[in-house]
2 protein chains.
Amino acid sequence: MASSDDLRAIALAEFATSGYLGTSIHRIAELAGLSKSSVLYHFASKEALLEAAISPAIERMGAILTAMATQPLTLETRSVFIVDFVDFLLEHKLEVHMFINQGKSLEDVPVIERANALVVRLATHFISTLTTTEDRMRFGIALGGAAYMLVSSATFELDVPPQDETRTALITIVTELLAPVTARLSGQPESGRSLASVSAAGQSTGNRSTADQSTAQQQKTQQE
Amino acid sequence: MASSDDLRAIALAEFATSGYLGTSIHRIAELAGLSKSSVLYHFASKEALLEAAISPAIERMGAILTAMATQPLTLETRSVFIVDFVDFLLEHKLEVHMFINQGKSLEDVPVIERANALVVRLATHFISTLTTTEDRMRFGIALGGAAYMLVSSATFELDVPPQDETRTALITIVTELLAPVTARLSGQPESGRSLASVSAAGQSTGNRSTADQSTAQQQKTQQE
DNA sequence: ACAGTTTCTGACCGATCGGTCAGTTATCGT
DNA sequence: ACGATAACTGACCGATCGGTCAGAAACTGT
């Protein structure tokens, strides 16, 4: 009564919450109502199970990255990236949580190595386009913080808000966090607001300021 | 040639990067130039080693939390908390990284249970004072993102900026991220901007937003 | 030099891990 | 009904884990 895809999903959830090393094949089998041998019948090894669990997310993320890298850096392309990234996070919370939290300890596993290479590729891309420490940290906090947020609320019990509400808030916050950077790159000084408006597209919470940080970032200008 | 404190430091670094489960006592002994038995002579068990490694950070964090909880919620107290929290993160990167990333998988370990209780306590405190999903996510992203930032740059090789620069940027970003929330709590509706000024407290990179650090920098720094 | 204590070590133990294999049960096309 | 194939299982294997223990080695004070 348990398909290979069920096993994949069960394994992913366990790997993400209890860790890859902390999850035994026996445990996965138990959750699936099977024996350990049966799990190994569907997947040749524990590593193969891990690969099946997270490689789709890796490929999707790679596609988003190449799409971003091949396009010029404008307000629109950045906004597109943010929305893509947030949707990616929402769709692959567990996978992202995995190779963010366990990427180092599992670096000898091939599929994790691919994931780590993606993270490095993302980081170096932004490091090359950003000059100051603060700008770079904005990206780290926005991306890492967003990824952390999505699983921590589930890790501890704490009520989980509806998905669309989470999505809207995430896009708003990440956009706002990256606003000074984007504003500088866009060339037009007043653009922090327009970016926020893009992020707010179709949302409802809508209260938060997000409007008045334009005063702050326009005097920034580009000193590099 | 390896004291108990050396072992503690070595274990902490290994636990944080390779995971508690992924780190064997033999590995720690190897790094310390000792035998496995010698490590177990200094610490009764692997759990005792973990406790010695992270419990100081837990107590420090608990003190910060109680200090915040007992004071009224104002612009100043929040600013104090942010500075305290950032300094705490800088001083205890590895410990925070541990019970943020491995808190769930090690929840049956007593010392980790204490750490998790602290995180829940922090989360519930802000959940009770904040009403909207977005406000709560701001805290999660700010705190989780900041914690992630400090270790990810070390996890991958990527150049690490000087500590004071990191500290300044962190305080600025976290404060700015929490600006709308604090502004609303302060009572003056239009205050998003005033908070941004608080965020610039004590900065040196000197670029980023805002001009006036007058309100901010007096309440920072001298509490350690 | 010697006794006492601290520090350290190799050998060993039970448990659990990932993985293999021979064999059993269920499913399905004909 | 029946053979073929897919799905499943328990028994077993080598390796590694955390931890115990008796004893060697090193460092003390006298």
# chains A, B, ... in the order shown; residues from 1 in each chain; ligands from 1

$ residues_around --residues "D:DA22" --least-positions-apart "3" --cutoff "12 Å" --atoms "only C-alpha atoms (C1' of nucleotides)" --output "VMD selection string"
chain C and resid 9 to 12

$ interface_residues --of "chain A" --to "chain D" --cutoff "7 Å" --atoms "only C-alpha atoms (C1' of nucleotides)" --output "short mmCIF file (atom, residue, chain, number, x, y, z; two decimals) with N, CA and C atoms, in the first residue's frame"
data_model
loop_
_atom_site.label_atom_id
_atom_site.label_comp_id
_atom_site.auth_asym_id
_atom_site.auth_seq_id
_atom_site.Cartn_x
_atom_site.Cartn_y
_atom_site.Cartn_z
N SER A 35 8.84 -3.35 5.73
CA SER A 35 10.06 -3.79 6.36
C SER A 35 11.25 -3.07 5.73
N SER A 37 13.81 -4.27 4.40
CA SER A 37 14.18 -4.89 3.11
C SER A 37 13.32 -4.35 1.97
N SER A 38 12.07 -4.09 2.27
CA SER A 38 11.18 -3.59 1.22
C SER A 38 11.58 -2.20 0.76
#

$ select_by_dssp --residues "stretch 1-30 of chain A" --states "alpha helix (DSSP H)" --output "list in words"
Ser4, Asp5, Asp6, Leu7, Arg8, Ala9, Ile10, Ala11, Leu12, Ala13, Glu14, Phe15, Ala16, Thr17, Ser18, Ile25, His26, Arg27, Ile28, Ala29 and Glu30 of chain A

$ atom_distance --atom1 "atom CA of B:Met137" --atom2 "atom CA of B:Ser105"
23.2 Å

$ closest_residue --among "B:Ala169, B:Ala63, B:Ala29, B:Leu94" --to "chain C" --atoms "only C-alpha atoms (C1' of nucleotides)"
B:Ala29

$ closest_residue --among "B:Ala115, B:Leu40, B:Leu7, B:Ile127" --to "chain C" --atoms "only C-alpha atoms (C1' of nucleotides)"
B:Leu40

$ interface_residues --of "chain A" --to "chain C" --cutoff "12 Å" --atoms "only C-alpha atoms (C1' of nucleotides)" --output "list in words"
Met1, Leu21, Gly22, Thr23, Ser24, Ile25, His26, Arg27, Lys36, Ser37, Val39, Leu40, Tyr41, Phe43, Ala44, Ser45, Lys46 and Glu47 of chain A

$ write_last_selection --atoms "C-alpha atoms" --output "compact mmCIF listing (two decimals), in the first residue's frame"
# COMPACT_ATOMS: atom_id res chain seq x y z
CA MET A 1 0.00 0.00 0.00
CA LEU A 21 22.14 10.56 9.73
CA GLY A 22 19.44 10.57 12.37
CA THR A 23 17.01 8.71 10.13
CA SER A 24 17.45 4.96 9.75
CA ILE A 25 16.05 2.95 6.90
CA HIS A 26 14.20 0.96 9.52
CA ARG A 27 12.47 4.15 10.66
CA LYS A 36 13.54 -2.44 5.94
CA SER A 37 14.18 -4.89 3.11
CA VAL A 39 12.46 -0.05 1.35
CA LEU A 40 15.76 -1.26 -0.06
CA TYR A 41 13.86 -3.06 -2.76
CA PHE A 43 15.62 2.18 -3.57
CA ALA A 44 19.01 0.60 -3.95
CA SER A 45 20.48 2.46 -1.02
CA LYS A 46 19.85 5.18 1.51
CA GLU A 47 21.73 7.59 -0.70

$ residues_around --residues "stretch 96-103 of chain B" --least-positions-apart "3" --cutoff "7 Å" --atoms "only C-alpha atoms (C1' of nucleotides)" --output "list in words"
Asn101 of chain A; Ala16, Leu89, His92, Lys93, Leu106, Glu107, Ile112, Ala115, Asn116, Ala147 and Val151 of chain B

$ write_last_selection --atoms "C-alpha atoms" --output "tab-separated table (two decimals), in the first residue's frame"
chain	number	residue	atom	x	y	z
A	101	ASN	CA	21.13	22.66	7.48
B	16	ALA	CA	28.18	22.52	14.54
B	89	LEU	CA	25.04	35.67	17.85
B	92	HIS	CA	28.09	32.09	20.04
B	93	LYS	CA	27.74	31.45	16.33
B	106	LEU	CA	18.11	16.02	19.06
B	107	GLU	CA	15.00	16.98	20.97
B	112	ILE	CA	18.87	20.58	23.56
B	115	ALA	CA	17.59	25.27	24.06
B	116	ASN	CA	14.39	24.47	22.21
B	147	ALA	CA	21.91	33.30	12.65
B	151	VAL	CA	27.75	30.34	9.85

$ atom_distance --atom1 "atom CA of B:Ala154" --atom2 "atom CA of B:Gly140"
21.6 Å

$ residues_around --residues "B:Pro56" --least-positions-apart "5" --cutoff "12 Å" --atoms "only C-alpha atoms (C1' of nucleotides)" --output "list in words"
Arg8, Leu12, Leu50, Glu51, Met61, Gly62, Ala63, Phe88, Glu91, His92, Glu95, Val96, Val111, Arg114 and Ala115 of chain B

$ closest_residue --among "A:Thr168, A:Ser18, A:Thr77, A:Ser153" --to "chain B" --atoms "only C-alpha atoms"
A:Ser18

$ atom_distance --atom1 "atom CA of A:Thr17" --atom2 "atom CA of A:Ser152"
9.9 Å
